[in-house]
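Asks: Here you go, this is my_file-v1.txt (compact mmCIF, C-alpha atoms).
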# COMPACT_ATOMS: atom_id res chain seq x y z
CA MET A 1 -16.25 21.04 -26.53
CA LYS A 2 -16.70 24.14 -24.40
CA LYS A 3 -14.03 26.81 -24.69
CA TRP A 4 -12.95 26.39 -21.07
CA GLU A 5 -12.46 22.63 -21.61
CA GLU A 6 -9.48 23.31 -23.87
CA HIS A 7 -7.35 23.93 -20.79
CA VAL A 8 -8.62 21.15 -18.53
CA ARG A 9 -5.91 18.72 -17.46
CA ARG A 10 -6.98 15.26 -18.59
CA VAL A 11 -5.70 12.12 -16.95
CA THR A 12 -6.81 8.51 -16.82
CA PRO A 13 -7.93 8.18 -13.18
CA TYR A 14 -7.00 5.42 -10.80
CA THR A 15 -9.64 2.69 -10.56
CA PRO A 16 -10.06 1.55 -6.94
CA GLY A 17 -11.35 -1.86 -5.97
CA GLU A 18 -15.10 -2.30 -6.05
CA GLN A 19 -16.85 -1.16 -2.86
CA PRO A 20 -20.18 -3.01 -2.94
CA CYS A 21 -22.98 -2.29 -0.47
CA ASP A 22 -24.01 -5.87 0.15
CA PRO A 23 -24.78 -6.89 3.76
CA ASP A 24 -24.23 -10.59 2.97
CA MET A 25 -20.99 -10.22 1.04
CA ILE A 26 -17.54 -11.66 1.68
CA LYS A 27 -15.23 -8.82 0.68
CA LEU A 28 -11.77 -10.03 -0.34
CA ASN A 29 -11.00 -7.52 -3.08
CA THR A 30 -9.39 -4.45 -1.48
CA ASN A 31 -6.81 -5.87 0.94
CA GLU A 32 -8.60 -4.59 4.02
CA ASN A 33 -7.82 -6.11 7.39
CA PRO A 34 -10.57 -8.54 8.48
CA TYR A 35 -10.08 -7.65 12.15
CA PRO A 36 -11.00 -4.43 13.97
CA PRO A 37 -8.44 -1.79 15.00
CA ALA A 38 -6.73 -2.04 18.37
CA PRO A 39 -9.02 -1.79 21.43
CA GLY A 40 -7.34 1.47 22.37
CA VAL A 41 -8.64 3.01 19.16
CA ARG A 42 -12.23 2.36 20.22
CA LYS A 43 -11.51 3.89 23.65
CA ALA A 44 -9.88 6.94 22.08
CA LEU A 45 -12.89 7.42 19.82
CA ALA A 46 -15.33 7.11 22.73
CA SER A 47 -13.42 9.65 24.78
CA LEU A 48 -12.85 12.14 21.95
CA ASP A 49 -13.86 15.62 23.09
CA THR A 50 -16.13 16.78 20.25
CA ASP A 51 -15.84 20.38 21.45
CA ARG A 52 -12.28 20.27 20.11
CA LEU A 53 -13.60 19.73 16.61
CA ARG A 54 -14.36 23.43 16.34
CA LEU A 55 -10.60 24.08 16.50
CA TYR A 56 -8.01 23.44 13.81
CA PRO A 57 -5.95 20.29 14.42
CA ASP A 58 -2.23 20.49 15.11
CA PRO A 59 -0.66 21.29 11.70
CA SER A 60 2.57 19.55 12.72
CA ALA A 61 0.66 16.37 13.68
CA GLY A 62 3.08 16.33 16.59
CA LYS A 63 1.37 13.70 18.73
CA LEU A 64 1.27 11.11 15.96
CA VAL A 65 4.72 12.00 14.65
CA LYS A 66 6.16 11.53 18.14
CA ALA A 67 4.46 8.15 18.55
CA LEU A 68 5.78 6.90 15.20
CA ALA A 69 9.28 8.24 15.87
CA CYS A 70 9.33 6.42 19.21
CA ARG A 71 8.00 3.21 17.70
CA TYR A 72 10.60 3.13 14.89
CA LYS A 73 13.45 4.64 16.96
CA VAL A 74 14.04 7.59 14.65
CA GLY A 75 14.01 11.33 15.19
CA GLU A 76 10.74 13.22 15.04
CA ASP A 77 12.33 15.23 12.22
CA GLN A 78 12.49 11.99 10.22
CA VAL A 79 8.71 11.37 10.13
CA PHE A 80 6.11 12.83 7.76
CA VAL A 81 2.41 11.96 8.02
CA GLY A 82 -0.42 12.41 5.55
CA VAL A 83 -3.95 11.42 4.63
CA GLY A 84 -3.18 7.82 3.75
CA SER A 85 -0.03 6.66 1.98
CA ASP A 86 -1.58 7.82 -1.31
CA ASP A 87 -1.47 11.40 -0.08
CA VAL A 88 2.09 10.96 1.18
CA ILE A 89 3.30 9.48 -2.11
CA ALA A 90 1.55 12.16 -4.17
CA MET A 91 3.29 14.80 -2.04
CA CYS A 92 6.60 13.03 -2.66
CA PHE A 93 6.01 13.03 -6.43
CA GLN A 94 5.42 16.78 -6.34
CA THR A 95 8.42 17.44 -4.11
CA PHE A 96 11.15 15.22 -5.51
CA PHE A 97 10.39 14.24 -9.11
CA ASN A 98 11.08 17.52 -10.89
CA SER A 99 14.28 16.93 -12.90
CA GLY A 100 12.53 16.39 -16.22
CA LYS A 101 14.13 12.94 -16.47
CA PRO A 102 11.88 9.86 -16.48
CA ILE A 103 11.16 8.30 -13.11
CA LEU A 104 11.16 4.51 -12.90
CA PHE A 105 8.65 2.05 -11.48
CA PRO A 106 7.70 -1.52 -12.48
CA ASP A 107 5.29 -2.28 -15.32
CA ILE A 108 3.19 -4.41 -12.97
CA SER A 109 2.85 -2.44 -9.78
CA TYR A 110 0.54 -0.10 -7.89
CA SER A 111 -1.58 1.41 -10.63
CA PHE A 112 -1.71 4.84 -8.97
CA TYR A 113 1.93 5.59 -9.91
CA PRO A 114 1.26 6.38 -13.58
CA VAL A 115 -1.80 8.41 -12.59
CA TRP A 116 0.29 10.70 -10.38
CA ALA A 117 3.04 10.92 -12.98
CA GLU A 118 0.56 12.05 -15.63
CA LEU A 119 -1.25 14.40 -13.25
CA PHE A 120 1.99 16.17 -12.33
CA ASP A 121 3.48 16.01 -15.86
CA ILE A 122 6.33 13.76 -14.76
CA PRO A 123 7.85 11.56 -17.50
CA TYR A 124 8.14 7.91 -16.52
CA GLU A 125 9.34 4.53 -17.73
CA THR A 126 8.21 1.13 -16.52
CA PRO A 127 10.87 -1.60 -16.55
CA ALA A 128 9.22 -4.98 -16.98
CA LEU A 129 9.11 -7.55 -14.22
CA ASP A 130 10.78 -10.81 -15.20
CA GLY A 131 8.90 -13.99 -16.08
CA ASP A 132 8.46 -14.79 -12.38
CA PHE A 133 7.02 -11.31 -11.69
CA ARG A 134 10.17 -10.15 -9.91
CA ILE A 135 11.78 -6.72 -10.18
CA VAL A 136 15.02 -6.84 -12.17
CA LYS A 137 17.26 -4.62 -10.08
CA GLU A 138 19.69 -4.00 -12.94
CA ASP A 139 16.93 -2.18 -14.85
CA TYR A 140 17.23 0.58 -12.24
CA PHE A 141 21.00 1.04 -12.61
CA ARG A 142 20.68 3.84 -15.16
CA ASP A 143 20.10 7.55 -15.43
CA ASN A 144 16.66 8.53 -14.09
CA GLY A 145 14.69 11.22 -12.30
CA GLY A 146 13.74 9.09 -9.29
CA ILE A 147 12.52 5.63 -8.40
CA ILE A 148 9.50 4.18 -6.62
CA PHE A 149 8.44 0.57 -6.16
CA PRO A 150 6.31 -1.36 -3.67
CA ASN A 151 7.93 -3.98 -1.51
CA PRO A 152 6.20 -6.40 -1.26
CA ASN A 153 4.98 -5.61 -4.74
CA ALA A 154 1.32 -5.22 -5.58
CA PRO A 155 -0.58 -7.04 -6.93
CA THR A 156 1.96 -9.89 -7.03
CA SER A 157 2.69 -10.03 -3.25
CA LEU A 158 6.37 -10.76 -3.96
CA LEU A 159 9.09 -9.49 -1.63
CA MET A 160 12.44 -8.17 -2.85
CA ALA A 161 15.41 -9.08 -0.66
CA GLN A 162 16.80 -6.21 1.38
CA LYS A 163 20.25 -6.52 -0.22
CA ASP A 164 18.67 -5.90 -3.64
CA VAL A 165 16.69 -2.94 -2.33
CA GLU A 166 19.88 -1.51 -0.88
CA GLU A 167 21.75 -1.94 -4.16
CA ILE A 168 19.08 0.05 -6.01
CA VAL A 169 19.27 2.82 -3.40
CA ALA A 170 23.08 2.82 -3.33
CA ARG A 171 23.37 3.05 -7.12
CA ASN A 172 20.92 5.97 -7.30
CA GLN A 173 22.16 8.39 -4.66
CA GLY A 174 21.70 11.33 -7.02
CA VAL A 175 17.90 10.92 -6.92
CA VAL A 176 15.24 10.09 -4.34
CA VAL A 177 14.29 6.42 -4.07
CA MET A 178 10.94 5.60 -2.47
CA VAL A 179 10.09 2.14 -1.18
CA ASP A 180 6.33 1.77 -0.76
CA GLU A 181 5.90 -0.68 2.12
CA ALA A 182 2.12 -0.79 2.45
CA TYR A 183 2.30 -4.56 3.02
CA MET A 184 5.69 -4.96 4.70
CA ASP A 185 4.21 -5.88 8.09
CA PHE A 186 2.96 -9.15 6.56
CA ALA A 187 6.35 -10.07 5.06
CA LYS A 188 9.04 -12.35 6.43
CA GLY A 189 11.95 -10.10 5.49
CA PRO A 190 13.19 -6.85 7.08
CA SER A 191 11.90 -3.40 6.22
CA ALA A 192 13.98 -0.90 4.27
CA LEU A 193 13.66 1.31 7.35
CA GLU A 194 16.92 -0.27 8.46
CA LEU A 195 18.64 1.47 5.52
CA VAL A 196 17.39 5.00 6.24
CA LYS A 197 20.28 5.80 8.56
CA ARG A 198 22.78 4.97 5.80
CA TYR A 199 21.12 6.66 2.80
CA ASP A 200 19.82 10.21 2.88
CA ASN A 201 18.06 9.74 -0.50
CA LEU A 202 15.76 6.95 0.76
CA LEU A 203 12.13 7.41 1.78
CA VAL A 204 10.14 4.50 3.19
CA ILE A 205 6.35 4.88 3.03
CA GLN A 206 3.94 2.86 5.16
CA THR A 207 0.25 3.00 6.03
CA PHE A 208 -2.28 2.35 8.80
CA SER A 209 -4.76 0.95 6.26
CA LYS A 210 -3.60 -2.66 6.08
CA SER A 211 -1.84 -4.03 9.15
CA ARG A 212 -3.46 -1.53 11.55
CA ALA A 213 -7.00 -2.00 10.15
CA MET A 214 -7.66 1.72 9.72
CA CYS A 215 -8.49 2.20 6.03
CA GLY A 216 -11.38 4.44 6.99
CA MET A 217 -9.16 6.80 8.99
CA ARG A 218 -6.71 7.53 6.12
CA ILE A 219 -3.29 7.68 7.79
CA GLY A 220 0.00 7.20 6.00
CA TYR A 221 3.56 8.18 6.78
CA ALA A 222 7.06 8.42 5.38
CA ILE A 223 10.36 7.98 7.20
CA GLY A 224 13.60 9.34 5.82
CA SER A 225 16.44 11.75 6.45
CA PRO A 226 15.62 15.06 8.17
CA ARG A 227 16.43 16.91 4.96
CA LEU A 228 13.91 14.91 2.92
CA ILE A 229 11.22 15.38 5.57
CA ARG A 230 11.89 19.11 5.73
CA TYR A 231 11.37 19.44 1.99
CA LEU A 232 8.14 17.44 2.22
CA ASN A 233 6.82 19.66 4.99
CA ASP A 234 7.65 22.77 2.97
CA VAL A 235 5.44 21.49 0.15
CA LYS A 236 2.73 20.37 2.57
CA PHE A 237 2.53 23.81 4.22
CA SER A 238 2.37 25.40 0.78
CA PHE A 239 -0.56 23.17 -0.13
CA ASN A 240 -2.62 22.39 3.00
CA SER A 241 -1.36 23.00 6.51
CA TYR A 242 -4.08 20.93 8.18
CA THR A 243 -3.91 17.62 6.36
CA MET A 244 -4.53 15.41 9.39
CA SER A 245 -7.87 15.62 11.21
CA LEU A 246 -8.10 15.60 14.99
CA PRO A 247 -9.73 12.12 15.08
CA ALA A 248 -6.99 10.75 12.80
CA LEU A 249 -4.28 12.09 15.10
CA GLU A 250 -5.91 10.74 18.27
CA LEU A 251 -6.91 7.34 16.91
CA GLY A 252 -3.65 6.85 15.03
CA THR A 253 -1.65 7.53 18.18
CA ALA A 254 -3.79 5.04 20.11
CA SER A 255 -3.17 2.40 17.45
CA VAL A 256 0.61 2.79 17.63
CA ALA A 257 0.49 2.38 21.42
CA ASP A 258 -0.90 -1.17 21.26
CA GLU A 259 2.00 -3.24 19.94
CA GLU A 260 0.73 -6.49 21.42
CA TYR A 261 -2.59 -6.35 19.56
CA PHE A 262 -0.78 -5.30 16.37
CA ARG A 263 1.49 -8.36 16.50
CA GLU A 264 -1.40 -10.67 17.39
CA THR A 265 -3.47 -9.54 14.39
CA ILE A 266 -0.54 -9.84 11.99
CA GLY A 267 0.09 -13.34 13.27
CA LYS A 268 -3.51 -14.40 12.67
CA ILE A 269 -3.47 -13.09 9.10
CA LYS A 270 -0.17 -14.83 8.33
CA ALA A 271 -1.48 -18.12 9.72
CA THR A 272 -4.66 -17.87 7.63
CA ARG A 273 -2.56 -17.00 4.57
CA GLU A 274 -0.55 -20.19 5.08
CA ARG A 275 -3.71 -22.31 5.28
CA ALA A 276 -5.23 -20.49 2.30
CA GLY A 277 -2.18 -21.18 0.18
CA LYS A 278 -2.39 -24.90 0.91
CA ALA A 279 -6.11 -25.01 0.09
CA LEU A 280 -5.61 -23.18 -3.20
CA LYS A 281 -2.77 -25.50 -4.21
CA GLU A 282 -4.97 -28.50 -3.51
CA MET A 283 -7.46 -27.07 -6.03
CA GLY A 284 -4.73 -26.64 -8.65
CA PHE A 285 -4.10 -22.91 -8.25
CA VAL A 286 -0.60 -21.55 -8.77
CA TYR A 287 0.74 -18.37 -7.19
CA PRO A 288 3.98 -16.53 -6.35
CA GLU A 289 5.17 -16.87 -2.75
CA PRO A 290 2.96 -14.34 -0.90
CA SER A 291 4.44 -11.73 1.42
CA ALA A 292 1.39 -9.47 1.77
CA ASN A 293 -2.14 -9.90 3.11
CA PHE A 294 -3.28 -11.34 -0.21
CA ILE A 295 -2.48 -14.15 -2.63
CA PHE A 296 -2.09 -13.57 -6.37
CA ALA A 297 -3.35 -16.80 -7.91
CA THR A 298 -4.02 -18.33 -11.31
CA HIS A 299 -5.48 -21.67 -12.38
CA PRO A 300 -4.15 -23.48 -15.46
CA ARG A 301 -7.58 -24.88 -16.38
CA HIS A 302 -9.97 -22.09 -15.43
CA LYS A 303 -10.09 -18.50 -16.62
CA ALA A 304 -9.68 -15.91 -13.90
CA LYS A 305 -12.35 -13.59 -15.27
CA GLU A 306 -14.94 -16.38 -15.30
CA LEU A 307 -14.10 -17.35 -11.72
CA PHE A 308 -14.27 -13.68 -10.71
CA GLU A 309 -17.76 -13.31 -12.18
CA ALA A 310 -18.96 -16.61 -10.70
CA LEU A 311 -17.76 -15.64 -7.23
CA LYS A 312 -19.39 -12.25 -7.55
CA LYS A 313 -22.76 -13.93 -8.17
CA ARG A 314 -22.24 -15.70 -4.86
CA HIS A 315 -21.54 -12.32 -3.17
CA ILE A 316 -17.85 -13.13 -2.80
CA TYR A 317 -15.64 -10.33 -4.10
CA VAL A 318 -12.03 -10.77 -5.18
CA ARG A 319 -9.96 -8.51 -7.46
CA TYR A 320 -9.55 -9.10 -11.17
CA PHE A 321 -7.17 -7.03 -13.30
CA ASN A 322 -7.95 -6.72 -17.00
CA GLN A 323 -4.30 -5.99 -17.72
CA LYS A 324 -1.73 -7.55 -20.00
CA ARG A 325 0.33 -10.34 -18.39
CA ILE A 326 -1.90 -10.60 -15.32
CA ASP A 327 -5.36 -10.97 -16.84
CA ASN A 328 -5.58 -14.60 -15.79
CA TYR A 329 -4.87 -13.94 -12.11
CA LEU A 330 -7.08 -13.20 -9.12
CA ARG A 331 -5.88 -11.17 -6.17
CA ILE A 332 -7.46 -12.70 -3.08
CA THR A 333 -7.33 -10.75 0.17
CA ILE A 334 -6.82 -12.83 3.30
CA GLY A 335 -10.01 -12.68 5.36
CA THR A 336 -11.06 -14.47 8.51
CA ASP A 337 -10.83 -18.27 8.57
CA ALA A 338 -14.61 -18.48 8.12
CA GLU A 339 -14.54 -16.15 5.12
CA MET A 340 -11.75 -18.12 3.49
CA GLU A 341 -13.57 -21.42 4.01
CA ALA A 342 -16.62 -19.96 2.26
CA LEU A 343 -14.37 -18.86 -0.61
CA PHE A 344 -12.79 -22.30 -0.90
CA ALA A 345 -16.19 -24.00 -0.96
CA ALA A 346 -17.31 -21.69 -3.77
CA LEU A 347 -14.10 -22.27 -5.75
CA ARG A 348 -14.42 -26.05 -5.39
CA ASP A 349 -17.94 -25.81 -6.77
CA GLU A 350 -16.86 -23.63 -9.68
CA THR A 351 -13.71 -25.52 -10.61
CA GLY A 352 -14.77 -29.05 -9.72
CA GLU A 353 -11.34 -29.50 -8.16
Before we go any further, please render this structure as structure tokens.
Replies:
Amino acid sequence: MKKWEEHVRRVTPYTPGEQPCDPDMIKLNTNENPYPPAPGVRKALASLDTDRLRLYPDPSAGKLVKALACRYKVGEDQVFVGVGSDDVIAMCFQTFFNSGKPILFPDISYSFYPVWAELFDIPYETPALDGDFRIVKEDYFRDNGGIIFPNPNAPTSLLMAQKDVEEIVARNQGVVVMVDEAYMDFAKGPSALELVKRYDNLLVIQTFSKSRAMCGMRIGYAIGSPRLIRYLNDVKFSFNSYTMSLPALELGTASVADEEYFRETIGKIKATRERAGKALKEMGFVYPEPSANFIFATHPRHKAKELFEALKKRHIYVRYFNQKRIDNYLRITIGTDAEMEALFAALRDETGE
């Protein structure tokens, strides 16, 4: 070991879903939207004045903040934007989780949470999901340094009822509670955004990556009380004033403007999810009730890892987690109807079902 390596911070990094470069692939492993962004996004990109790229973008991200505030009927001082929801959540960890007490998040959840906790030297505990992969709300009714959980959860796709979310927030008003709603637009239940006006310790985080089909643009945002947002901006301006690029601001604003296309795309994905669930059941797969743009499925007679490898040989990519309790499940992103039919044909071949 080199002398300078003695003081390197070592963490176990987050492992993202595989990003293969295969022109003939069916990619159902990273929960991307199978449809393009709103037509207005393409127009905004075509009309982007490249001469403006020589200038710094608006550090307040005012145009996008205003569009989001208008869309969600909140004040502009209640919106914080960042480079994807990952950036937003990391900023929240740095800003709010500094008490020295363990923060809480589920044992089966977004696997970036422990990475951030270790990176920022934040102690954490992971209450176990129950036997049906549901969050046990009572596990969060104890002393802690903050709480974060996805709703719907990932990778299970299960939705927690709003009354249970509210009870967790209400019983933890001495700390910040973050609800990570990356997949909420695909759910049947209401968003925790409805609770923001009643609880000044609640932050709701969402993203443009899934429902708005803009993974490549990296736009995320948080909505909460003005005080929470002010603290977040203080940390942001102490770290990087210009987090949002000019194209991200312009294209993100254009996306928010097209509500009709947004609803149409969500509807298509939900309809395909319904058909996909029926097809998987017919083949003997079992899964929790999905509320996201993916299905978390297992088969009682076929090992998930073997199915994962067999599909990969056919250039069909789904997500496999080599993790205790879920190592016999596949997370299957909802693609187009044609992509799902190709997946089902491959699964019927492999399972004989």
Asks: Looking at A:Asn172, A:Thr156, A:Gln94, A:Thr12, which one is nearest to Phe239 of chain A, with distances taken over all atoms listed in the file?
Replies: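 The closest residue to Phe239 of chain A is A:Gln94.
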Asks: In Å, how far is it from atom CA of Gly252 of chain A to atom CA of Cys215 of chain A?
Replies: 11.2 Å
Asks: What gap, in Å, lies between atom CA of Ser255 of chain A and atom CA of Ser157 of chain A?
Replies: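 Going from atom CA of Ser255 of chain A over to atom CA of Ser157 of chain A covers 24.8 Å.
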Asks: Quick one: of A:Met25, A:Ile223, A:Ser209, A:Pro155, who's nearest to Tyr320 of chain A, counting all atoms listed in the file?
Replies: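 Distance minimum relative to Tyr320 of chain A lands on A:Pro155.
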Asks: Tell me which of A:Thr95, A:Ser109, A:Ser238, A:Thr351 sits closest to His299 of chain A, counting all atoms listed in the file.
Replies: A:Thr351
Asks: Would you list the contacts of segment 32-49 of chain A as a PyMOL selection string, taking every protein, DNA or RNA residue within 6 Å and counting all atoms listed in the file, but skipping same-chain residues closer than 2 positions in sequence?
Replies: chain A and resi 30+51-52+210+213+251+254-255+335-336
Asks: Could you work out how far atom CA of Ala128 of chain A lies from atom CA of Ile326 of chain A, giving the answer in Å with one decimal?
Replies: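 For atom CA of Ile326 of chain A relative to atom CA of Ala128 of chain A, the distance reads 12.6 Å.
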Asks: Measuring between only C-alpha atoms, which one of A:Glu259, A:Glu250, A:Glu274, A:Glu6 shows the shortest distance to Asp58 of chain A?
Replies: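 Among the listed residues, A:Glu250 lies closest to Asp58 of chain A.
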Asks: Which residue, A:Glu289, A:Asn240, A:Glu194, A:Leu202, has the smallest gap to Leu159 of chain A when you use only C-alpha atoms?
Replies: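 Residue with the minimum atom-to-atom distance to Leu159 of chain A: A:Glu289.
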Asks: Using only C-alpha atoms, which residues sit within 10 Å of Ser241 of chain A once same-chain residues fewer than 2 positions away are excluded, as a VMD selection string?
Replies: chain A and resid 56 to 61 233 to 239 243 to 244
